[in-house]
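A.B. asks: So that we are looking at the same thing, I have put the structure below in structure tokens.
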Amino acid sequence: MNHCIPFTKMHGLGNNYIYLDMITNTYTLPPYPQFAQRLADQSRGIGSDGMILLLPSETADIQMRIFNKDGSEAKNCGNGLRCVAKYAFDNQLVSAARFTIETLGGLVEAEVIVDENEVSEVTVDMGEPRLLRGQIPMQGNPTEQAIQAPIQLKGTDYQVTAVSMGNPHAIFFVEDIQETPIHTLGPLLADGHELFPEGANVGFVESINEQSFAYRVWERGSGITQACGTGACAAAVAAIVTERGSKDVPITIHLAGGDLTIVWESKTNHILMTGPAVTICTGTFYL
Ligand SMILES: N[C@@H](CCC[C@H](N)C(=O)O)C(=O)O
């Protein structure tokens with residue numbers, strides 16, 4: 001007898017996950033890492049960048065857990081947070097438009113923006129960016145930041161800025177994002193490099209002007225994706241700490257799947273991320 005697993009597939013700018021509502025449904029699931037791999041498999045599963053669980057929380061209104069395509073668990077997911085917020089609001093798991101979400105990377109606050117009875121966008125207060133090597137984690141003095149730190153990849157010299165948004169990001173500013181070999185550089189840091197003991201999401205950023213940056217990503221555990229919300233926040237933070245952009249000024253990050261607006265508020269030192277969240281379909285997976 002097959003187990004029937006109700007699911008919802010959602011995306012934020014094309015960064016798509018299978019969402020399991022473990023508040024409304026009672027599931028009997030295989031171990032999460034293997035199940036995430038199975039759901040994400042395009043040939044034998046549904047096909048996605050990974051799996052996201054919605055769970056009850058003791059410290060927030062709702063809890064999110066995120067598993068990458070390869071089954072590894074991450075501590076945060078920006079596009080996932082906006083989709084979790086939309087799902088929770090649409091399915092009355094929360095009673096107000098503003099509520100809190102617990103992640104392994106910390107507590108965040110989400111606000112859904114409703115337009116003609118539809119959630120049009122979601123703003124998430126992602127909390128403070130973390131810049132110390134010890135917080136990324138990144139090899140070296142744990143109390144120092146890595147801003148434009150020298151690094152050699154495949155015999156070429158680069159400069160990396162490391163930012164944690166609950167999960168680790170290695171940001172590189174490049175002249176021409178289309179010419180950057182993301183497929184070869186990304187995996188060098190994503191899944192094991194002596195500098196990043198837990199790997200990193202590898203982001204490449206091209207400056208357009210002080211308020212506008214193009215960004216492409218190789219995600220740890222999932223490879224190239226259309227968008228990465230925490231990566232967009234990290235890109236804006238890296239732009240500001242390298243004096244390419246300013247705090248309190250909205251920055252548009254142009255991702256392959258669309259745009260996100262990021263503000264680093266000096267009053268709170270928090271990062272605000274605003275962008276869409278879309279439901280693709282709902283269905284039943286047979287286990
Ligand atoms: N796509 C996500 C980030 C997902 C987790 C990441 N791959 C990691 O391992 O840290 C986002 O939108 O932030």
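Identifiers in the structure tokens: chain A, B, ... in order shown; residue index from 1 per chain; ligand index from 1 in order shown.
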Compute the set of protein, DNA and RNA residues whose minimum atom distance to ligand 1 is at most 9 Å, using only C-alpha atoms and all ligand atoms, and state it as number ranges by chain.

C.D. replies: A: 12, 15-17, 49-50, 66-69, 72-82, 165-169, 190, 199-201, 218-223, 225-233

A.B. asks: Tell me, which residues of segment 7-221 of chain A carry DSSP alpha helix (DSSP H), written as an MDAnalysis selection string?

C.D. replies: chainID A and resid 32:40 78:90 182:190

A.B. asks: What lies within 12 Å of segment 19-34 of chain A using only C-alpha atoms, ignoring chain neighbours under 6 positions off, as a PyMOL selection string?

C.D. replies: chain A and resi 2-11+40-41+45-46+48-57+61-74+80-81+83-88+91-94+221+279-287

A.B. asks: I need the residue nearest Leu132 of chain A from this list: A:Glu102, A:Pro150, A:Val163, A:Pro181. Use only C-alpha atoms for the distance.

C.D. replies: A:Val163

A.B. asks: So which bits of segment 110-234 of chain A end up strand (DSSP E or B) when you DSSP the backbone, as a PDB file with N, CA and C atoms, in the first residue's frame?

C.D. replies:
```pdb
ATOM      1  N   ALA A 110       8.266  37.946   8.908  1.00  0.00           N
ATOM      2  CA  ALA A 110       7.781  38.082   7.527  1.00  0.00           C
ATOM      3  C   ALA A 110       6.517  38.919   7.515  1.00  0.00           C
ATOM      4  N   GLU A 111       6.346  39.662   6.418  1.00  0.00           N
ATOM      5  CA  GLU A 111       5.095  40.408   6.225  1.00  0.00           C
ATOM      6  C   GLU A 111       4.607  40.171   4.808  1.00  0.00           C
ATOM      7  N   VAL A 112       3.391  39.626   4.684  1.00  0.00           N
ATOM      8  CA  VAL A 112       2.858  39.414   3.338  1.00  0.00           C
ATOM      9  C   VAL A 112       2.138  40.678   2.895  1.00  0.00           C
ATOM     10  N   ILE A 113       2.322  41.031   1.625  1.00  0.00           N
ATOM     11  CA  ILE A 113       1.675  42.224   1.062  1.00  0.00           C
ATOM     12  C   ILE A 113       0.545  41.712   0.178  1.00  0.00           C
ATOM     13  N   VAL A 114      -0.700  42.071   0.546  1.00  0.00           N
ATOM     14  CA  VAL A 114      -1.865  41.516  -0.147  1.00  0.00           C
ATOM     15  C   VAL A 114      -2.436  42.560  -1.092  1.00  0.00           C
ATOM     16  N   ASP A 115      -2.655  42.122  -2.334  1.00  0.00           N
ATOM     17  CA  ASP A 115      -3.176  43.012  -3.363  1.00  0.00           C
ATOM     18  C   ASP A 115      -4.336  42.286  -4.044  1.00  0.00           C
ATOM     19  N   GLU A 118      -4.810  38.654  -3.083  1.00  0.00           N
ATOM     20  CA  GLU A 118      -3.706  37.748  -3.429  1.00  0.00           C
ATOM     21  C   GLU A 118      -2.433  38.260  -2.765  1.00  0.00           C
ATOM     22  N   VAL A 119      -1.589  37.335  -2.291  1.00  0.00           N
ATOM     23  CA  VAL A 119      -0.282  37.765  -1.793  1.00  0.00           C
ATOM     24  C   VAL A 119       0.558  38.151  -3.008  1.00  0.00           C
ATOM     25  N   SER A 120       0.901  39.434  -3.120  1.00  0.00           N
ATOM     26  CA  SER A 120       1.667  39.876  -4.301  1.00  0.00           C
ATOM     27  C   SER A 120       3.161  39.776  -4.032  1.00  0.00           C
ATOM     28  N   GLU A 121       3.561  40.156  -2.817  1.00  0.00           N
ATOM     29  CA  GLU A 121       4.979  40.124  -2.464  1.00  0.00           C
ATOM     30  C   GLU A 121       5.099  39.813  -0.986  1.00  0.00           C
ATOM     31  N   VAL A 122       6.293  39.467  -0.583  1.00  0.00           N
ATOM     32  CA  VAL A 122       6.555  39.228   0.839  1.00  0.00           C
ATOM     33  C   VAL A 122       7.841  39.969   1.199  1.00  0.00           C
ATOM     34  N   THR A 123       7.801  40.668   2.343  1.00  0.00           N
ATOM     35  CA  THR A 123       9.030  41.263   2.875  1.00  0.00           C
ATOM     36  C   THR A 123       9.463  40.427   4.073  1.00  0.00           C
ATOM     37  N   VAL A 124      10.726  40.060   4.091  1.00  0.00           N
ATOM     38  CA  VAL A 124      11.249  39.314   5.247  1.00  0.00           C
ATOM     39  C   VAL A 124      12.370  40.122   5.878  1.00  0.00           C
ATOM     40  N   ASP A 125      12.234  40.337   7.189  1.00  0.00           N
ATOM     41  CA  ASP A 125      13.325  40.930   7.958  1.00  0.00           C
ATOM     42  C   ASP A 125      14.273  39.781   8.277  1.00  0.00           C
ATOM     43  N   ARG A 130      26.090  38.534   9.154  1.00  0.00           N
ATOM     44  CA  ARG A 130      27.246  38.181   9.999  1.00  0.00           C
ATOM     45  C   ARG A 130      28.486  38.175   9.110  1.00  0.00           C
ATOM     46  N   LEU A 132      31.948  38.077  10.496  1.00  0.00           N
ATOM     47  CA  LEU A 132      33.192  37.543  11.055  1.00  0.00           C
ATOM     48  C   LEU A 132      33.458  36.141  10.516  1.00  0.00           C
ATOM     49  N   GLN A 145      36.962  39.992   9.755  1.00  0.00           N
ATOM     50  CA  GLN A 145      36.095  39.868   8.580  1.00  0.00           C
ATOM     51  C   GLN A 145      36.929  39.481   7.359  1.00  0.00           C
ATOM     52  N   ALA A 149      39.066  39.460   0.407  1.00  0.00           N
ATOM     53  CA  ALA A 149      40.244  38.680   0.809  1.00  0.00           C
ATOM     54  C   ALA A 149      40.788  37.922  -0.394  1.00  0.00           C
ATOM     55  N   PRO A 150      42.120  37.856  -0.543  1.00  0.00           N
ATOM     56  CA  PRO A 150      42.680  37.170  -1.709  1.00  0.00           C
ATOM     57  C   PRO A 150      42.428  35.666  -1.652  1.00  0.00           C
ATOM     58  N   ILE A 151      42.122  35.101  -2.805  1.00  0.00           N
ATOM     59  CA  ILE A 151      41.897  33.653  -2.898  1.00  0.00           C
ATOM     60  C   ILE A 151      42.283  33.246  -4.317  1.00  0.00           C
ATOM     61  N   GLN A 152      42.900  32.072  -4.438  1.00  0.00           N
ATOM     62  CA  GLN A 152      43.266  31.590  -5.765  1.00  0.00           C
ATOM     63  C   GLN A 152      42.375  30.416  -6.140  1.00  0.00           C
ATOM     64  N   LEU A 153      41.760  30.504  -7.321  1.00  0.00           N
ATOM     65  CA  LEU A 153      40.902  29.417  -7.801  1.00  0.00           C
ATOM     66  C   LEU A 153      41.371  29.032  -9.196  1.00  0.00           C
ATOM     67  N   THR A 156      43.936  31.222 -10.801  1.00  0.00           N
ATOM     68  CA  THR A 156      43.651  32.648 -11.022  1.00  0.00           C
ATOM     69  C   THR A 156      43.392  33.328  -9.672  1.00  0.00           C
ATOM     70  N   ASP A 157      43.874  34.562  -9.535  1.00  0.00           N
ATOM     71  CA  ASP A 157      43.664  35.318  -8.296  1.00  0.00           C
ATOM     72  C   ASP A 157      42.301  36.011  -8.306  1.00  0.00           C
ATOM     73  N   TYR A 158      41.561  35.818  -7.204  1.00  0.00           N
ATOM     74  CA  TYR A 158      40.268  36.490  -7.028  1.00  0.00           C
ATOM     75  C   TYR A 158      40.259  37.134  -5.653  1.00  0.00           C
ATOM     76  N   GLN A 159      39.196  37.928  -5.395  1.00  0.00           N
ATOM     77  CA  GLN A 159      38.989  38.480  -4.056  1.00  0.00           C
ATOM     78  C   GLN A 159      37.598  38.073  -3.604  1.00  0.00           C
ATOM     79  N   VAL A 160      37.523  37.569  -2.382  1.00  0.00           N
ATOM     80  CA  VAL A 160      36.236  37.056  -1.886  1.00  0.00           C
ATOM     81  C   VAL A 160      35.780  37.854  -0.667  1.00  0.00           C
ATOM     82  N   THR A 161      34.464  38.104  -0.618  1.00  0.00           N
ATOM     83  CA  THR A 161      33.855  38.714   0.571  1.00  0.00           C
ATOM     84  C   THR A 161      32.884  37.687   1.147  1.00  0.00           C
ATOM     85  N   ALA A 162      33.088  37.369   2.421  1.00  0.00           N
ATOM     86  CA  ALA A 162      32.287  36.307   3.041  1.00  0.00           C
ATOM     87  C   ALA A 162      31.200  36.912   3.934  1.00  0.00           C
ATOM     88  N   VAL A 163      29.968  36.425   3.734  1.00  0.00           N
ATOM     89  CA  VAL A 163      28.817  36.945   4.486  1.00  0.00           C
ATOM     90  C   VAL A 163      27.959  35.756   4.904  1.00  0.00           C
ATOM     91  N   SER A 164      27.525  35.739   6.159  1.00  0.00           N
ATOM     92  CA  SER A 164      26.525  34.744   6.556  1.00  0.00           C
ATOM     93  C   SER A 164      25.179  35.430   6.747  1.00  0.00           C
ATOM     94  N   PRO A 168      26.219  30.260   4.759  1.00  0.00           N
ATOM     95  CA  PRO A 168      27.445  30.919   4.277  1.00  0.00           C
ATOM     96  C   PRO A 168      27.414  31.309   2.800  1.00  0.00           C
ATOM     97  N   HIS A 169      27.908  32.515   2.529  1.00  0.00           N
ATOM     98  CA  HIS A 169      27.998  33.008   1.146  1.00  0.00           C
ATOM     99  C   HIS A 169      29.395  33.543   0.873  1.00  0.00           C
ATOM    100  N   ALA A 170      29.945  33.139  -0.267  1.00  0.00           N
ATOM    101  CA  ALA A 170      31.224  33.666  -0.750  1.00  0.00           C
ATOM    102  C   ALA A 170      30.887  34.515  -1.966  1.00  0.00           C
ATOM    103  N   ILE A 171      31.155  35.815  -1.858  1.00  0.00           N
ATOM    104  CA  ILE A 171      30.747  36.749  -2.923  1.00  0.00           C
ATOM    105  C   ILE A 171      31.974  37.260  -3.687  1.00  0.00           C
ATOM    106  N   PHE A 172      31.877  37.181  -5.002  1.00  0.00           N
ATOM    107  CA  PHE A 172      32.955  37.660  -5.887  1.00  0.00           C
ATOM    108  C   PHE A 172      32.400  38.755  -6.786  1.00  0.00           C
ATOM    109  N   PHE A 173      33.061  39.901  -6.827  1.00  0.00           N
ATOM    110  CA  PHE A 173      32.684  40.947  -7.794  1.00  0.00           C
ATOM    111  C   PHE A 173      33.445  40.688  -9.092  1.00  0.00           C
ATOM    112  N   HIS A 193      36.265  23.234   0.477  1.00  0.00           N
ATOM    113  CA  HIS A 193      37.498  23.972   0.178  1.00  0.00           C
ATOM    114  C   HIS A 193      38.067  24.256   1.552  1.00  0.00           C
ATOM    115  N   PHE A 196      36.510  27.140   3.483  1.00  0.00           N
ATOM    116  CA  PHE A 196      35.106  27.087   3.923  1.00  0.00           C
ATOM    117  C   PHE A 196      34.777  25.667   4.390  1.00  0.00           C
ATOM    118  N   ASN A 201      27.691  29.007  -0.420  1.00  0.00           N
ATOM    119  CA  ASN A 201      26.956  29.356  -1.644  1.00  0.00           C
ATOM    120  C   ASN A 201      27.828  30.385  -2.355  1.00  0.00           C
ATOM    121  N   VAL A 202      28.069  30.155  -3.636  1.00  0.00           N
ATOM    122  CA  VAL A 202      29.077  30.955  -4.325  1.00  0.00           C
ATOM    123  C   VAL A 202      28.372  31.927  -5.273  1.00  0.00           C
ATOM    124  N   GLY A 203      28.496  33.219  -4.976  1.00  0.00           N
ATOM    125  CA  GLY A 203      27.766  34.233  -5.742  1.00  0.00           C
ATOM    126  C   GLY A 203      28.710  35.133  -6.516  1.00  0.00           C
ATOM    127  N   PHE A 204      28.339  35.450  -7.746  1.00  0.00           N
ATOM    128  CA  PHE A 204      29.128  36.338  -8.605  1.00  0.00           C
ATOM    129  C   PHE A 204      28.287  37.579  -8.877  1.00  0.00           C
ATOM    130  N   VAL A 205      28.894  38.739  -8.666  1.00  0.00           N
ATOM    131  CA  VAL A 205      28.139  39.991  -8.709  1.00  0.00           C
ATOM    132  C   VAL A 205      28.790  40.968  -9.676  1.00  0.00           C
ATOM    133  N   GLU A 206      27.969  41.528 -10.542  1.00  0.00           N
ATOM    134  CA  GLU A 206      28.453  42.587 -11.461  1.00  0.00           C
ATOM    135  C   GLU A 206      27.740  43.882 -11.079  1.00  0.00           C
ATOM    136  N   SER A 207      28.519  44.932 -10.821  1.00  0.00           N
ATOM    137  CA  SER A 207      27.913  46.228 -10.467  1.00  0.00           C
ATOM    138  C   SER A 207      27.341  46.884 -11.709  1.00  0.00           C
ATOM    139  N   ILE A 208      26.109  47.346 -11.618  1.00  0.00           N
ATOM    140  CA  ILE A 208      25.503  48.126 -12.712  1.00  0.00           C
ATOM    141  C   ILE A 208      25.554  49.610 -12.322  1.00  0.00           C
ATOM    142  N   ASN A 209      25.040  49.911 -11.125  1.00  0.00           N
ATOM    143  CA  ASN A 209      25.255  51.221 -10.513  1.00  0.00           C
ATOM    144  C   ASN A 209      25.093  51.021  -9.003  1.00  0.00           C
ATOM    145  N   SER A 212      22.026  48.905  -8.108  1.00  0.00           N
ATOM    146  CA  SER A 212      21.610  47.834  -9.003  1.00  0.00           C
ATOM    147  C   SER A 212      22.790  46.913  -9.323  1.00  0.00           C
ATOM    148  N   PHE A 213      22.593  45.608  -9.053  1.00  0.00           N
ATOM    149  CA  PHE A 213      23.674  44.639  -9.232  1.00  0.00           C
ATOM    150  C   PHE A 213      23.099  43.374  -9.867  1.00  0.00           C
ATOM    151  N   ALA A 214      23.855  42.795 -10.795  1.00  0.00           N
ATOM    152  CA  ALA A 214      23.467  41.492 -11.362  1.00  0.00           C
ATOM    153  C   ALA A 214      24.173  40.411 -10.547  1.00  0.00           C
ATOM    154  N   TYR A 215      23.468  39.308 -10.296  1.00  0.00           N
ATOM    155  CA  TYR A 215      24.005  38.269  -9.402  1.00  0.00           C
ATOM    156  C   TYR A 215      23.672  36.889  -9.971  1.00  0.00           C
ATOM    157  N   ARG A 216      24.658  36.012  -9.995  1.00  0.00           N
ATOM    158  CA  ARG A 216      24.421  34.615 -10.380  1.00  0.00           C
ATOM    159  C   ARG A 216      25.011  33.736  -9.287  1.00  0.00           C
ATOM    160  N   VAL A 217      24.412  32.566  -9.105  1.00  0.00           N
ATOM    161  CA  VAL A 217      24.819  31.759  -7.956  1.00  0.00           C
ATOM    162  C   VAL A 217      25.026  30.292  -8.323  1.00  0.00           C
ATOM    163  N   TRP A 218      26.008  29.707  -7.642  1.00  0.00           N
ATOM    164  CA  TRP A 218      26.140  28.252  -7.561  1.00  0.00           C
ATOM    165  C   TRP A 218      25.834  27.920  -6.107  1.00  0.00           C
ATOM    166  N   GLU A 219      24.680  27.276  -5.887  1.00  0.00           N
ATOM    167  CA  GLU A 219      24.284  27.002  -4.499  1.00  0.00           C
ATOM    168  C   GLU A 219      24.907  25.725  -3.967  1.00  0.00           C
ATOM    169  N   GLY A 223      23.614  23.333  -6.751  1.00  0.00           N
ATOM    170  CA  GLY A 223      24.199  23.777  -8.023  1.00  0.00           C
ATOM    171  C   GLY A 223      23.595  25.095  -8.480  1.00  0.00           C
ATOM    172  N   ILE A 224      23.586  25.298  -9.801  1.00  0.00           N
ATOM    173  CA  ILE A 224      23.047  26.566 -10.314  1.00  0.00           C
ATOM    174  C   ILE A 224      21.539  26.599 -10.103  1.00  0.00           C
TER     175      ILE A 224
END
```

A.B. asks: Using only C-alpha atoms, pick whichever of A:Arg38, A:Arg44, A:Lys154, A:Lys267 has the shortest atom-to-atom distance to Pro187 of chain A.

C.D. replies: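 Closest to Pro187 of chain A of all the choices is A:Lys154.
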
A.B. asks: Suppose you want the space between atom CA of Val278 of chain A and atom CA of Gly258 of chain A; what is it in Å?

C.D. replies: 12.6 Å
